[in-house]
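Reproduced below: input08.cif, with mmCIF, C-alpha atoms.
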```
data_model
#
loop_
_atom_site.label_atom_id
_atom_site.label_comp_id
_atom_site.auth_asym_id
_atom_site.auth_seq_id
_atom_site.Cartn_x
_atom_site.Cartn_y
_atom_site.Cartn_z
CA MET S 9 0.00 0.00 0.00
CA ASP S 10 1.14 3.53 -0.71
CA LEU S 11 1.95 5.38 2.52
CA PHE S 12 -0.32 8.32 1.76
CA GLU S 13 -3.15 6.02 0.71
CA LYS S 14 -2.95 4.38 4.11
CA LEU S 15 -3.08 7.75 5.86
CA LEU S 16 -6.18 8.77 3.92
CA THR S 17 -7.89 5.45 4.59
CA ASN S 18 -7.35 5.63 8.34
CA ARG S 19 -7.38 9.24 9.48
CA GLY S 20 -7.06 8.40 13.18
CA PRO S 21 -9.57 8.72 16.03
CA LEU S 22 -9.63 12.52 15.91
CA GLY S 23 -9.04 13.01 12.20
CA SER S 24 -12.03 10.83 11.34
CA HIS S 25 -14.28 13.65 12.65
CA SER S 26 -12.46 16.49 10.90
CA HIS S 27 -15.01 16.85 8.09
CA TYR S 28 -17.47 18.47 10.48
CA ALA S 29 -15.36 19.28 13.55
CA HIS S 30 -12.56 21.39 12.05
CA GLY S 31 -12.80 25.08 12.88
CA TYR S 32 -15.51 24.63 15.48
CA PHE S 33 -14.99 21.65 17.78
CA THR S 34 -11.35 21.22 16.76
CA PHE S 35 -8.91 23.98 15.84
CA PRO S 36 -11.35 26.75 16.86
CA LYS S 37 -10.13 30.35 16.67
CA LEU S 38 -10.49 32.51 19.76
CA GLU S 39 -9.71 36.10 18.82
CA GLY S 40 -8.91 39.28 20.69
CA GLU S 41 -6.73 39.88 23.73
CA ILE S 42 -6.41 36.88 26.04
CA ALA S 43 -9.13 37.40 28.62
CA PRO S 44 -12.18 35.68 30.10
CA ARG S 45 -14.25 37.17 27.28
CA MET S 46 -12.99 36.76 23.72
CA LYS S 47 -14.45 36.53 20.22
CA PHE S 48 -15.41 33.20 18.66
CA ARG S 49 -16.72 33.29 15.09
CA GLY S 50 -17.44 36.98 15.43
CA LYS S 51 -19.30 36.94 18.74
CA GLU S 52 -18.21 37.39 22.33
CA VAL S 53 -17.98 34.29 24.49
CA LEU S 54 -17.09 33.68 28.11
CA THR S 55 -14.14 31.34 27.81
CA TRP S 56 -12.99 28.70 30.32
CA SER S 57 -10.48 26.92 28.12
CA LEU S 58 -7.26 28.93 28.58
CA ASN S 59 -4.54 27.81 31.00
CA ASN S 60 -3.88 31.41 31.97
CA TYR S 61 -4.20 30.51 35.65
CA LEU S 62 -2.76 33.66 37.20
CA GLY S 63 -3.90 36.06 34.50
CA LEU S 64 -0.34 36.89 33.46
CA ALA S 65 -1.02 36.75 29.71
CA ASN S 66 -2.12 40.39 29.69
CA HIS S 67 -0.65 41.59 32.96
CA PRO S 68 0.68 45.11 32.24
CA GLU S 69 4.12 44.41 33.73
CA VAL S 70 4.42 41.25 31.65
CA ARG S 71 3.35 42.98 28.44
CA LYS S 72 5.88 45.76 29.13
CA ALA S 73 8.73 43.33 29.84
CA ASP S 74 7.94 41.28 26.72
CA ALA S 75 7.77 44.36 24.49
CA GLU S 76 10.97 45.92 25.84
CA ALA S 77 12.89 42.67 25.54
CA ALA S 78 11.69 42.16 21.96
CA ALA S 79 12.71 45.72 21.07
CA GLU S 80 16.13 45.35 22.68
CA TRP S 81 17.08 41.87 21.57
CA GLY S 82 14.80 40.85 18.70
CA MET S 83 13.53 37.29 18.41
CA ALA S 84 16.76 35.77 17.07
CA TYR S 85 19.22 36.36 19.90
CA PRO S 86 20.94 34.21 21.03
CA MET S 87 21.62 32.21 17.90
CA GLY S 88 22.49 28.54 18.09
CA ALA S 89 22.06 25.85 20.70
CA ARG S 90 23.10 26.82 24.21
CA ILE S 91 25.89 24.24 24.30
CA MET S 92 27.53 25.91 21.26
CA SER S 93 26.71 29.59 20.97
CA GLY S 94 23.26 30.22 22.46
CA ASN S 95 23.96 30.76 26.16
CA SER S 96 23.55 34.05 28.07
CA ASN S 97 23.61 35.48 31.57
CA MET S 98 19.84 35.89 31.42
CA HIS S 99 19.29 32.21 30.63
CA GLU S 100 21.46 31.27 33.60
CA LYS S 101 19.68 33.78 35.84
CA LEU S 102 16.31 32.31 34.94
CA GLU S 103 17.58 28.84 35.78
CA SER S 104 18.89 30.02 39.13
CA ASP S 105 15.62 31.82 39.93
CA LEU S 106 13.54 28.78 38.99
CA ALA S 107 15.64 26.43 41.13
CA GLU S 108 15.28 28.71 44.14
CA PHE S 109 11.54 29.06 43.63
CA VAL S 110 10.86 25.31 43.51
CA GLN S 111 13.32 24.63 46.33
CA LYS S 112 15.80 22.60 44.31
CA PRO S 113 19.59 23.03 44.05
CA ASP S 114 19.67 23.57 40.28
CA ALA S 115 17.48 23.86 37.18
CA LEU S 116 17.81 23.54 33.42
CA LEU S 117 15.83 25.70 31.01
CA LEU S 118 13.96 23.86 28.24
CA ASN S 119 12.51 25.14 24.98
CA PHE S 120 9.17 23.30 25.21
CA GLY S 121 7.27 21.32 27.82
CA TYR S 122 6.08 18.36 25.75
CA GLN S 123 9.42 17.92 24.02
CA GLY S 124 11.17 18.46 27.35
CA VAL S 125 9.45 15.61 29.17
CA VAL S 126 10.09 13.19 26.31
CA SER S 127 13.76 14.15 26.31
CA ILE S 128 14.16 14.02 30.10
CA ILE S 129 12.91 10.44 30.15
CA ASP S 130 15.13 9.53 27.20
CA ALA S 131 18.21 10.98 28.93
CA LEU S 132 17.59 9.51 32.38
CA VAL S 133 17.12 5.83 31.51
CA ASP S 134 18.83 3.24 29.34
CA ARG S 135 17.78 -0.22 28.17
CA HIS S 136 18.76 -1.81 31.49
CA ASP S 137 16.45 0.47 33.51
CA VAL S 138 12.77 0.10 34.34
CA ILE S 139 10.07 2.79 34.17
CA VAL S 140 6.94 2.58 36.34
CA TYR S 141 4.31 5.19 35.50
CA ASP S 142 0.75 6.23 36.31
CA ALA S 143 -1.91 4.99 33.87
CA GLU S 144 -3.38 8.49 33.43
CA SER S 145 -0.09 10.20 32.68
CA HIS S 146 -0.07 13.00 30.11
CA ALA S 147 0.64 12.16 26.49
CA CYS S 148 4.17 13.60 26.73
CA ILE S 149 5.00 11.06 29.43
CA ILE S 150 3.44 8.24 27.43
CA ASP S 151 5.49 9.22 24.38
CA GLY S 152 8.65 9.39 26.46
CA VAL S 153 7.96 5.95 27.88
CA ARG S 154 7.31 4.55 24.40
CA LEU S 155 10.82 5.56 23.36
CA HIS S 156 12.33 3.66 26.29
CA GLN S 157 14.19 0.60 25.06
CA GLY S 158 13.97 -1.17 28.42
CA LYS S 159 11.10 -2.54 30.47
CA ARG S 160 8.15 -0.46 31.59
CA PHE S 161 5.25 -1.15 33.92
CA VAL S 162 2.07 0.89 34.32
CA TYR S 163 0.13 1.14 37.59
CA ALA S 164 -3.57 1.94 38.01
CA HIS S 165 -4.17 5.65 38.45
CA ASN S 166 -3.22 6.81 41.96
CA ASP S 167 -3.54 3.21 43.19
CA MET S 168 -0.74 2.64 45.67
CA ALA S 169 -1.37 -1.11 45.93
CA SER S 170 -0.99 -1.32 42.16
CA LEU S 171 2.16 0.81 42.28
CA GLU S 172 3.66 -1.39 44.96
CA LYS S 173 2.93 -4.50 42.90
CA GLN S 174 4.59 -2.95 39.84
CA LEU S 175 7.57 -1.86 41.93
CA GLU S 176 8.00 -5.44 43.07
CA ARG S 177 8.05 -6.56 39.43
CA ALA S 178 10.37 -3.71 38.48
CA THR S 179 12.76 -4.55 41.31
CA ARG S 180 13.05 -8.17 40.18
CA TRP S 181 13.64 -7.06 36.60
CA ALA S 182 16.25 -4.45 37.56
CA GLU S 183 18.11 -6.98 39.69
CA ASN S 184 18.48 -9.19 36.60
CA THR S 185 19.59 -6.38 34.30
CA GLY S 186 21.66 -4.41 36.76
CA GLY S 187 19.49 -1.40 36.03
CA ALA S 188 17.62 1.20 38.08
CA ILE S 189 13.95 2.21 38.51
CA LEU S 190 12.31 5.51 37.55
CA VAL S 191 8.77 6.22 38.78
CA ILE S 192 6.83 8.89 36.87
CA THR S 193 3.61 10.61 37.90
CA GLU S 194 2.01 14.05 37.80
CA GLY S 195 1.48 16.66 40.47
CA VAL S 196 -1.91 17.71 39.09
CA PHE S 197 -3.58 15.53 36.48
CA GLY S 198 -4.72 17.91 33.79
CA MET S 199 -8.01 16.25 32.88
CA SER S 200 -9.42 15.12 36.23
CA GLY S 201 -7.77 17.82 38.34
CA ASN S 202 -6.92 15.35 41.07
CA LEU S 203 -3.49 15.31 42.66
CA GLY S 204 -0.87 12.64 42.30
CA LYS S 205 -0.43 10.78 45.58
CA LEU S 206 3.05 12.15 45.95
CA LYS S 207 3.29 11.63 49.70
CA GLU S 208 2.37 7.97 49.39
CA VAL S 209 4.73 7.50 46.44
CA VAL S 210 7.60 9.09 48.35
CA ASP S 211 6.84 6.89 51.36
CA LEU S 212 7.40 3.82 49.16
CA LYS S 213 11.07 4.83 48.91
CA LYS S 214 11.45 3.32 52.38
CA LYS S 215 10.63 -0.08 50.86
CA PHE S 216 11.90 0.19 47.27
CA GLN S 217 14.86 1.80 45.58
CA PHE S 218 13.73 4.19 42.85
CA ARG S 219 13.91 7.80 41.72
CA LEU S 220 10.81 9.95 41.21
CA LEU S 221 10.06 12.25 38.26
CA VAL S 222 7.02 14.53 38.67
CA ASP S 223 5.40 16.49 35.86
CA ASP S 224 3.81 19.43 37.68
CA ALA S 225 2.65 21.49 34.71
CA HIS S 226 -0.68 22.39 36.33
CA GLY S 227 0.66 22.63 39.89
CA PHE S 228 3.51 25.09 39.39
CA GLY S 229 2.28 28.54 40.39
CA THR S 230 -1.13 27.31 41.57
CA MET S 231 -0.38 24.83 44.37
CA GLY S 232 1.55 25.22 47.61
CA LYS S 233 1.99 28.08 50.04
CA THR S 234 4.40 29.95 47.77
CA GLY S 235 3.18 28.46 44.49
CA ALA S 236 6.18 26.12 44.28
CA GLY S 237 3.87 23.29 43.28
CA THR S 238 2.09 20.16 44.37
CA GLY S 239 5.12 18.80 46.21
CA GLU S 240 5.16 21.90 48.40
CA HIS S 241 1.37 21.64 48.85
CA LEU S 242 1.71 18.03 50.08
CA GLY S 243 4.90 18.63 52.04
CA VAL S 244 7.10 16.30 49.98
CA GLN S 245 9.02 18.61 47.65
CA ASP S 246 12.29 17.15 48.96
CA GLY S 247 11.12 13.66 48.01
CA ILE S 248 10.76 14.60 44.33
CA ASP S 249 14.06 13.75 42.67
CA VAL S 250 13.33 15.36 39.29
CA TYR S 251 10.79 18.18 39.15
CA PHE S 252 9.43 19.37 35.81
CA SER S 253 7.08 22.15 34.82
CA THR S 254 6.18 24.21 31.80
CA PHE S 255 5.74 27.95 31.24
CA ALA S 256 2.57 27.30 29.22
CA LYS S 257 0.21 27.35 32.21
CA SER S 258 0.75 29.73 35.15
CA MET S 259 3.52 31.60 33.33
CA ALA S 260 1.39 32.12 30.19
CA SER S 261 4.34 31.75 27.85
CA ILE S 262 6.51 29.22 26.00
CA GLY S 263 9.30 27.16 27.55
CA ALA S 264 9.80 24.81 30.47
CA PHE S 265 12.35 23.69 33.04
CA VAL S 266 13.57 20.69 34.99
CA ALA S 267 14.97 20.99 38.53
CA ALA S 268 17.00 18.53 40.58
CA ASP S 269 20.34 18.12 42.37
CA GLU S 270 23.29 19.82 40.68
CA GLN S 271 24.85 16.61 39.40
CA VAL S 272 21.57 15.43 37.88
CA VAL S 273 20.97 18.77 36.17
CA GLU S 274 24.55 18.81 34.93
CA TYR S 275 24.02 15.34 33.45
CA LEU S 276 20.82 16.43 31.74
CA ARG S 277 22.48 19.60 30.45
CA TYR S 278 25.00 17.50 28.53
CA ASN S 279 22.72 14.61 27.55
CA MET S 280 19.28 15.98 26.66
CA ARG S 281 19.31 15.72 22.89
CA SER S 282 16.30 18.00 22.42
CA GLN S 283 18.28 20.83 24.03
CA ILE S 284 21.78 20.04 22.77
CA PHE S 285 20.61 20.06 19.16
CA ALA S 286 17.99 22.82 19.35
CA LYS S 287 18.23 26.59 19.17
CA SER S 288 18.28 28.40 22.49
CA LEU S 289 15.08 29.93 23.88
CA PRO S 290 14.87 33.48 22.39
CA MET S 291 15.85 36.31 24.71
CA PRO S 292 12.38 37.97 24.85
CA LEU S 293 10.88 34.69 26.10
CA THR S 294 13.71 34.31 28.63
CA VAL S 295 13.45 37.87 29.96
CA GLY S 296 9.66 37.61 29.96
CA ALA S 297 9.85 34.42 32.02
CA ILE S 298 12.07 36.16 34.58
CA LYS S 299 9.41 38.86 34.97
CA ARG S 300 6.62 36.29 35.24
CA LEU S 301 8.49 34.38 37.93
CA GLU S 302 9.08 37.63 39.80
CA LEU S 303 5.32 38.23 39.84
CA LEU S 304 4.69 34.70 41.11
CA ARG S 305 7.01 35.50 44.03
CA THR S 306 5.95 39.06 44.78
CA GLN S 307 2.21 39.06 44.04
CA PRO S 308 0.67 36.16 46.00
CA GLU S 309 -2.68 37.88 45.62
CA LEU S 310 -2.80 36.51 42.06
CA LYS S 311 -2.91 32.95 43.38
CA ASP S 312 -5.34 33.99 46.11
CA LYS S 313 -7.71 35.46 43.51
CA LEU S 314 -7.41 32.31 41.40
CA TRP S 315 -8.47 30.17 44.34
CA GLU S 316 -11.35 32.51 45.17
CA VAL S 317 -12.72 31.86 41.68
CA VAL S 318 -11.89 28.13 41.87
CA ASN S 319 -13.70 27.68 45.17
CA ALA S 320 -16.75 29.64 44.00
CA LEU S 321 -16.97 27.64 40.77
CA GLN S 322 -16.45 24.21 42.28
CA THR S 323 -18.65 24.84 45.33
CA GLY S 324 -21.38 26.25 43.11
CA LEU S 325 -21.29 23.32 40.69
CA ARG S 326 -21.36 20.76 43.50
CA GLY S 327 -24.20 22.66 45.14
CA LYS S 328 -26.27 22.30 41.96
CA GLY S 329 -25.65 18.56 41.89
CA PHE S 330 -22.97 18.45 39.19
CA ASN S 331 -20.37 15.71 39.28
CA ILE S 332 -16.92 17.34 39.21
CA GLY S 333 -15.06 14.21 40.21
CA THR S 334 -12.19 14.29 42.70
CA THR S 335 -10.48 17.51 41.66
CA GLU S 336 -8.33 19.18 44.31
CA SER S 337 -6.87 21.77 41.96
CA PRO S 338 -8.08 24.61 39.72
CA VAL S 339 -8.80 22.11 36.92
CA THR S 340 -12.59 21.67 37.02
CA PRO S 341 -14.13 18.80 35.06
CA VAL S 342 -17.91 18.48 34.78
CA PHE S 343 -19.04 14.92 33.99
CA LEU S 344 -22.33 14.37 32.17
CA ASN S 345 -23.95 11.26 30.73
CA GLY S 346 -24.30 11.21 26.96
CA GLN S 347 -22.88 10.12 23.66
CA ILE S 348 -20.83 11.99 21.06
CA PRO S 349 -23.91 13.34 19.17
CA ASP S 350 -25.23 14.70 22.49
CA ALA S 351 -21.84 16.25 23.16
CA THR S 352 -21.73 18.06 19.82
CA GLN S 353 -25.21 19.51 20.21
CA LEU S 354 -24.61 20.45 23.83
CA THR S 355 -21.42 22.29 22.85
CA LEU S 356 -23.22 24.09 20.03
CA ASP S 357 -25.92 25.17 22.46
CA LEU S 358 -23.40 26.42 25.02
CA ARG S 359 -21.48 28.45 22.47
CA GLU S 360 -24.28 29.72 20.26
CA ASN S 361 -27.09 30.32 22.75
CA TYR S 362 -25.33 30.84 26.09
CA ASN S 363 -22.06 32.34 24.77
CA ILE S 364 -19.90 30.05 26.87
CA PHE S 365 -16.77 28.45 25.45
CA CYS S 366 -15.16 25.54 27.30
CA SER S 367 -13.28 22.44 26.24
CA ILE S 368 -15.27 19.30 25.56
CA VAL S 369 -13.79 15.83 26.04
CA VAL S 370 -15.32 12.60 24.77
CA TYR S 371 -14.35 8.97 24.17
CA PRO S 372 -11.59 7.72 23.93
CA VAL S 373 -10.16 10.28 26.40
CA VAL S 374 -13.04 9.51 28.80
CA PRO S 375 -15.17 6.33 28.90
CA LYS S 376 -17.95 5.77 26.39
CA ASP S 377 -21.26 7.50 27.21
CA VAL S 378 -19.44 10.16 29.25
CA ILE S 379 -19.17 13.82 28.27
CA MET S 380 -16.62 15.90 30.14
CA LEU S 381 -16.72 19.68 30.04
CA ARG S 382 -13.35 20.96 31.25
CA LEU S 383 -13.23 24.38 32.89
CA ILE S 384 -10.02 26.27 33.69
CA PRO S 385 -10.71 29.11 36.12
CA THR S 386 -8.23 31.98 36.26
CA ALA S 387 -7.40 34.92 38.46
CA VAL S 388 -9.04 37.27 35.95
CA HIS S 389 -12.44 35.57 35.97
CA THR S 390 -15.10 37.15 38.18
CA LEU S 391 -17.76 35.76 40.48
CA ASP S 392 -20.34 37.03 37.98
CA ASP S 393 -18.65 34.86 35.34
CA VAL S 394 -19.03 31.90 37.69
CA LYS S 395 -22.73 32.55 38.28
CA GLU S 396 -23.44 32.99 34.57
CA THR S 397 -21.72 29.71 33.79
CA ILE S 398 -23.45 27.67 36.48
CA ASP S 399 -26.83 29.04 35.39
CA ALA S 400 -26.11 27.99 31.80
CA PHE S 401 -24.89 24.56 32.88
CA GLU S 402 -28.13 23.97 34.76
CA LYS S 403 -30.11 24.68 31.61
CA ILE S 404 -28.04 22.48 29.30
CA ALA S 405 -28.10 19.63 31.85
CA GLN S 406 -31.89 19.75 31.89
CA LYS S 407 -31.98 19.57 28.09
CA LEU S 408 -29.54 16.65 28.11
CA ASP S 409 -31.66 14.76 30.65
CA LYS S 410 -34.76 15.25 28.48
CA GLY S 411 -32.96 13.81 25.45
CA LEU S 412 -33.31 17.02 23.44
CA TYR S 413 -29.75 16.99 22.14
CA SER S 414 -29.94 13.47 20.72
CA LYS S 415 -32.91 14.59 18.59
CA ALA S 416 -31.04 17.50 17.02
CA SER S 417 -28.66 17.53 14.07
CA VAL S 418 -25.24 19.13 13.90
CA SER S 419 -25.20 22.60 12.37
CA ALA S 420 -22.41 25.04 12.89
#
```
Would you mind giving the structure from this file in structure tokens?
Amino acid sequence: MDLFEKLLTNRGPLGSHSHYAHGYFTFPKLEGEIAPRMKFRGKEVLTWSLNNYLGLANHPEVRKADAEAAAEWGMAYPMGARIMSGNSNMHEKLESDLAEFVQKPDALLLNFGYQGVVSIIDALVDRHDVIVYDAESHACIIDGVRLHQGKRFVYAHNDMASLEKQLERATRWAENTGGAILVITEGVFGMSGNLGKLKEVVDLKKKFQFRLLVDDAHGFGTMGKTGAGTGEHLGVQDGIDVYFSTFAKSMASIGAFVAADEQVVEYLRYNMRSQIFAKSLPMPLTVGAIKRLELLRTQPELKDKLWEVVNALQTGLRGKGFNIGTTESPVTPVFLNGQIPDATQLTLDLRENYNIFCSIVVYPVVPKDVIMLRLIPTAVHTLDDVKETIDAFEKIAQKLDKGLYSKASVSA
């Protein structure tokens, strides 16, 4: 078979819906300045789908720092990979500031979060080593694990009995190969909003020999007393051996970092192929990240405001009988019963008649006959936004229960 013929025959689980989904359900265009209210297809919508947790995307100090850095340096500087010609004092300052903020001895700046996680895993383990990872890990972790040439075991989501069983298997395997064990989980799981059981995982170090990598993309800046993340929130930051987060959430930018002991970071600095062979993060993004991190440290009221909105939204939804699962973070899923046709009509109704834009998740990401509406509250949402949304959700839930959406046809 011709390669392209095969691709056109099987377009994949998402691509198979592109003929009607593209531009509306997938690849939609939100226009205007990043804010709770933006334009979608020419009309204003209240949006809950942006990971702008602390509202930094349009914070005046951030906009000023970004603009001044772009004017001073342009988008090209520094040219080349950092290991060759792309290093600068500002890159090293950002690394130092990040390490101090997350309470680790050292940190390494990364160009992208997704690519970073894949490359961290690739650099840390070889074919003799064993990876044990949570079943609901983010796609970047799954892809990193797939590249691993050694053994890997998956444990049931947040199930410590399952983890212990897999660690027993991993220990036996590592003893035969002479390898080591890497456990991978998340601080905040981005779909469900629940927290990784980091304290319980760390406690297992008393019984098993392994190192722990935590992807805390949604916890950095939102969790913990200072915003240092889920490890700080649960009191086990010291037990996390390799801490990762991205700038794409609380920092409202591009880039990422990994933090650990100096020797581990030094090893990664010289062995992470995605950084060794990639152009350095442009100076405006680096300087902008320094400013964003400064605001995380000096303006705790941003996180306080975020949690005021989070608590109002989650308490209000629960009070109206909505199932929001086990979230303990700003991520707010709303689980409804229905099939994909119901989900499409429900989303159309929300966007066209109630002017509310949120992410919709269906099978295979969630089980069949489940519709998940995923809300991301931010520090720049208001309590009026919360009330408007809950009122709309009540109405669409009533329509769903009456079977009205299954009787409609898609039109967008």
Answer key for the PyMOL selection byres ((chain S and resi 227) around 7), residues as number ranges by chain: S: 195-196, 224-226, 228-231, 237-238
Within 9 Å of S:Ile129, counting all atoms listed in the file, which residues qualify if same-chain residues fewer than 5 places away don't, as a PDB file with C-alpha atoms, in the coordinates of the input?
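Written out: around-v5.pdb:
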```
ATOM      1  CA  GLY S 124      11.170  18.460  27.350  1.00  0.00           C
ATOM      2  CA  ILE S 149       5.000  11.060  29.430  1.00  0.00           C
ATOM      3  CA  GLY S 152       8.650   9.390  26.460  1.00  0.00           C
ATOM      4  CA  VAL S 153       7.960   5.950  27.880  1.00  0.00           C
ATOM      5  CA  LEU S 155      10.820   5.560  23.360  1.00  0.00           C
ATOM      6  CA  HIS S 156      12.330   3.660  26.290  1.00  0.00           C
ATOM      7  CA  LEU S 190      12.310   5.510  37.550  1.00  0.00           C
ATOM      8  CA  LEU S 221      10.060  12.250  38.260  1.00  0.00           C
TER       9      LEU S 221
END
```
Compile the contact shell of stretch 336-339 of chain S as JSON, numbers by chain: residues with an atom at most 8 Å away, counting only C-alpha atoms, same-chain residues fewer than 5 positions apart removed. {"S": [196, 198, 199, 200, 201, 202, 203, 227, 230, 231, 314, 315, 318, 382, 383, 384, 385]}
Select all residues near (-11.4, 22.9, 29.3) (cut-off 8 Å, inclusive, file coordinates), counting all atoms listed in the file, and output them as a PyMOL selection string. chain S and resi 56-58+340-341+366-368+381-384
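In this comparison, which uses all atoms listed in the file, the residue of S:Leu301, S:Met98, S:Leu289, S:Ala405 approaching S:Phe343 most closely is S:Ala405.
The coordinates place atom CA of S:Asp223 at 17.3 Å from atom CA of S:Glu103.
Atom CA of S:Gly296 sits 19.7 Å away from atom CA of S:Gly88.
In this structure, atom CA of S:Val191 sits 15.9 Å away from atom CA of S:Ala147.
Residue nearest S:Pro113 within the list S:Val70, S:Ala264, S:Leu22, S:Glu270: S:Glu270 [criterion: smallest interatomic distance, all atoms listed in the file].
Between S:His99 and the candidates S:Val222, S:Leu116, S:Val370, S:Met168, the tightest atom-to-atom separation, counting all atoms listed in the file, involves S:Leu116.
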Tell me which protein, DNA and RNA residues are within 10 Å of stretch 344-360 of chain S, counting all atoms listed in the file, leaving out same-chain ones fewer than 6 positions away, and put them as a PDB file with C-alpha atoms, in the frame of the given file.
```pdb
ATOM      1  CA  ALA S  29     -15.360  19.280  13.550  1.00  0.00           C
ATOM      2  CA  TYR S  32     -15.510  24.630  15.480  1.00  0.00           C
ATOM      3  CA  PHE S  33     -14.990  21.650  17.780  1.00  0.00           C
ATOM      4  CA  PHE S  48     -15.410  33.200  18.660  1.00  0.00           C
ATOM      5  CA  ARG S  49     -16.720  33.290  15.090  1.00  0.00           C
ATOM      6  CA  LYS S  51     -19.300  36.940  18.740  1.00  0.00           C
ATOM      7  CA  GLU S  52     -18.210  37.390  22.330  1.00  0.00           C
ATOM      8  CA  VAL S  53     -17.980  34.290  24.490  1.00  0.00           C
ATOM      9  CA  LEU S  54     -17.090  33.680  28.110  1.00  0.00           C
ATOM     10  CA  THR S  55     -14.140  31.340  27.810  1.00  0.00           C
ATOM     11  CA  PHE S 330     -22.970  18.450  39.190  1.00  0.00           C
ATOM     12  CA  ASN S 331     -20.370  15.710  39.280  1.00  0.00           C
ATOM     13  CA  ILE S 332     -16.920  17.340  39.210  1.00  0.00           C
ATOM     14  CA  CYS S 366     -15.160  25.540  27.300  1.00  0.00           C
ATOM     15  CA  SER S 367     -13.280  22.440  26.240  1.00  0.00           C
ATOM     16  CA  ILE S 368     -15.270  19.300  25.560  1.00  0.00           C
ATOM     17  CA  VAL S 369     -13.790  15.830  26.040  1.00  0.00           C
ATOM     18  CA  VAL S 370     -15.320  12.600  24.770  1.00  0.00           C
ATOM     19  CA  TYR S 371     -14.350   8.970  24.170  1.00  0.00           C
ATOM     20  CA  LYS S 376     -17.950   5.770  26.390  1.00  0.00           C
ATOM     21  CA  ASP S 377     -21.260   7.500  27.210  1.00  0.00           C
ATOM     22  CA  VAL S 378     -19.440  10.160  29.250  1.00  0.00           C
ATOM     23  CA  ILE S 379     -19.170  13.820  28.270  1.00  0.00           C
ATOM     24  CA  MET S 380     -16.620  15.900  30.140  1.00  0.00           C
ATOM     25  CA  LEU S 381     -16.720  19.680  30.040  1.00  0.00           C
ATOM     26  CA  THR S 397     -21.720  29.710  33.790  1.00  0.00           C
ATOM     27  CA  ALA S 400     -26.110  27.990  31.800  1.00  0.00           C
ATOM     28  CA  PHE S 401     -24.890  24.560  32.880  1.00  0.00           C
ATOM     29  CA  LYS S 403     -30.110  24.680  31.610  1.00  0.00           C
ATOM     30  CA  ILE S 404     -28.040  22.480  29.300  1.00  0.00           C
ATOM     31  CA  ALA S 405     -28.100  19.630  31.850  1.00  0.00           C
ATOM     32  CA  LYS S 407     -31.980  19.570  28.090  1.00  0.00           C
ATOM     33  CA  LEU S 408     -29.540  16.650  28.110  1.00  0.00           C
ATOM     34  CA  ASP S 409     -31.660  14.760  30.650  1.00  0.00           C
ATOM     35  CA  GLY S 411     -32.960  13.810  25.450  1.00  0.00           C
ATOM     36  CA  LEU S 412     -33.310  17.020  23.440  1.00  0.00           C
ATOM     37  CA  TYR S 413     -29.750  16.990  22.140  1.00  0.00           C
ATOM     38  CA  SER S 414     -29.940  13.470  20.720  1.00  0.00           C
ATOM     39  CA  LYS S 415     -32.910  14.590  18.590  1.00  0.00           C
ATOM     40  CA  ALA S 416     -31.040  17.500  17.020  1.00  0.00           C
ATOM     41  CA  SER S 417     -28.660  17.530  14.070  1.00  0.00           C
ATOM     42  CA  VAL S 418     -25.240  19.130  13.900  1.00  0.00           C
ATOM     43  CA  SER S 419     -25.200  22.600  12.370  1.00  0.00           C
ATOM     44  CA  ALA S 420     -22.410  25.040  12.890  1.00  0.00           C
TER      45      ALA S 420
END
```
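Every protein or nucleic acid residue with an atom no more than 9 Å from S:Glu240, counting all atoms listed in the file and leaving out same-chain residues fewer than 5 positions away, appears here: Val110, Gln111, Met231, Gly232, Lys233, Thr234, Gly235, Gln245 and Asp246 of chain S.
Selection result for the displayed file, with the PyMOL selection byres ((chain S and resi 91) around 10) as criterion, is Gly88, Ala89, Arg90, Met92, Ser93, Gly94, Asn95, Arg277, Tyr278, Gln283, Ile284, Phe285, Ala286, Lys287 and Ser288 of chain S.
Between S:Ser258 and the residues S:Arg19, S:Lys159, S:Arg177, S:Arg300, the shortest atom-to-atom distance, using all atoms listed in the file, involves S:Arg300.
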Which residue out of S:Leu62, S:Val209, S:Leu15, S:Ala236 has the minimum interatomic distance to S:Glu172 when only C-alpha atoms are used? S:Val209
May I ask you to restore N, CA, C and O atoms in stretch 79-83 of chain S and write the result as a short mmCIF file (atom, residue, chain, number, x, y, z; two decimals), in the coordinates of the input?
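Everything below was put into rebuild_4.cif:
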```cif
data_model
loop_
_atom_site.label_atom_id
_atom_site.label_comp_id
_atom_site.auth_asym_id
_atom_site.auth_seq_id
_atom_site.Cartn_x
_atom_site.Cartn_y
_atom_site.Cartn_z
N ALA S 79 12.12 44.54 21.71
CA ALA S 79 12.71 45.72 21.07
C ALA S 79 14.23 45.73 21.23
O ALA S 79 14.96 46.11 20.31
N GLU S 80 14.70 45.30 22.40
CA GLU S 80 16.13 45.35 22.68
C GLU S 80 16.90 44.23 21.99
O GLU S 80 17.99 44.44 21.46
N TRP S 81 16.32 43.04 22.01
CA TRP S 81 17.08 41.87 21.57
C TRP S 81 16.61 41.29 20.23
O TRP S 81 17.37 40.57 19.57
N GLY S 82 15.36 41.55 19.85
CA GLY S 82 14.80 40.85 18.70
C GLY S 82 14.49 39.41 19.06
O GLY S 82 14.75 38.96 20.17
N MET S 83 13.92 38.66 18.12
CA MET S 83 13.53 37.29 18.41
C MET S 83 14.62 36.27 18.08
O MET S 83 14.48 35.08 18.37
#
```
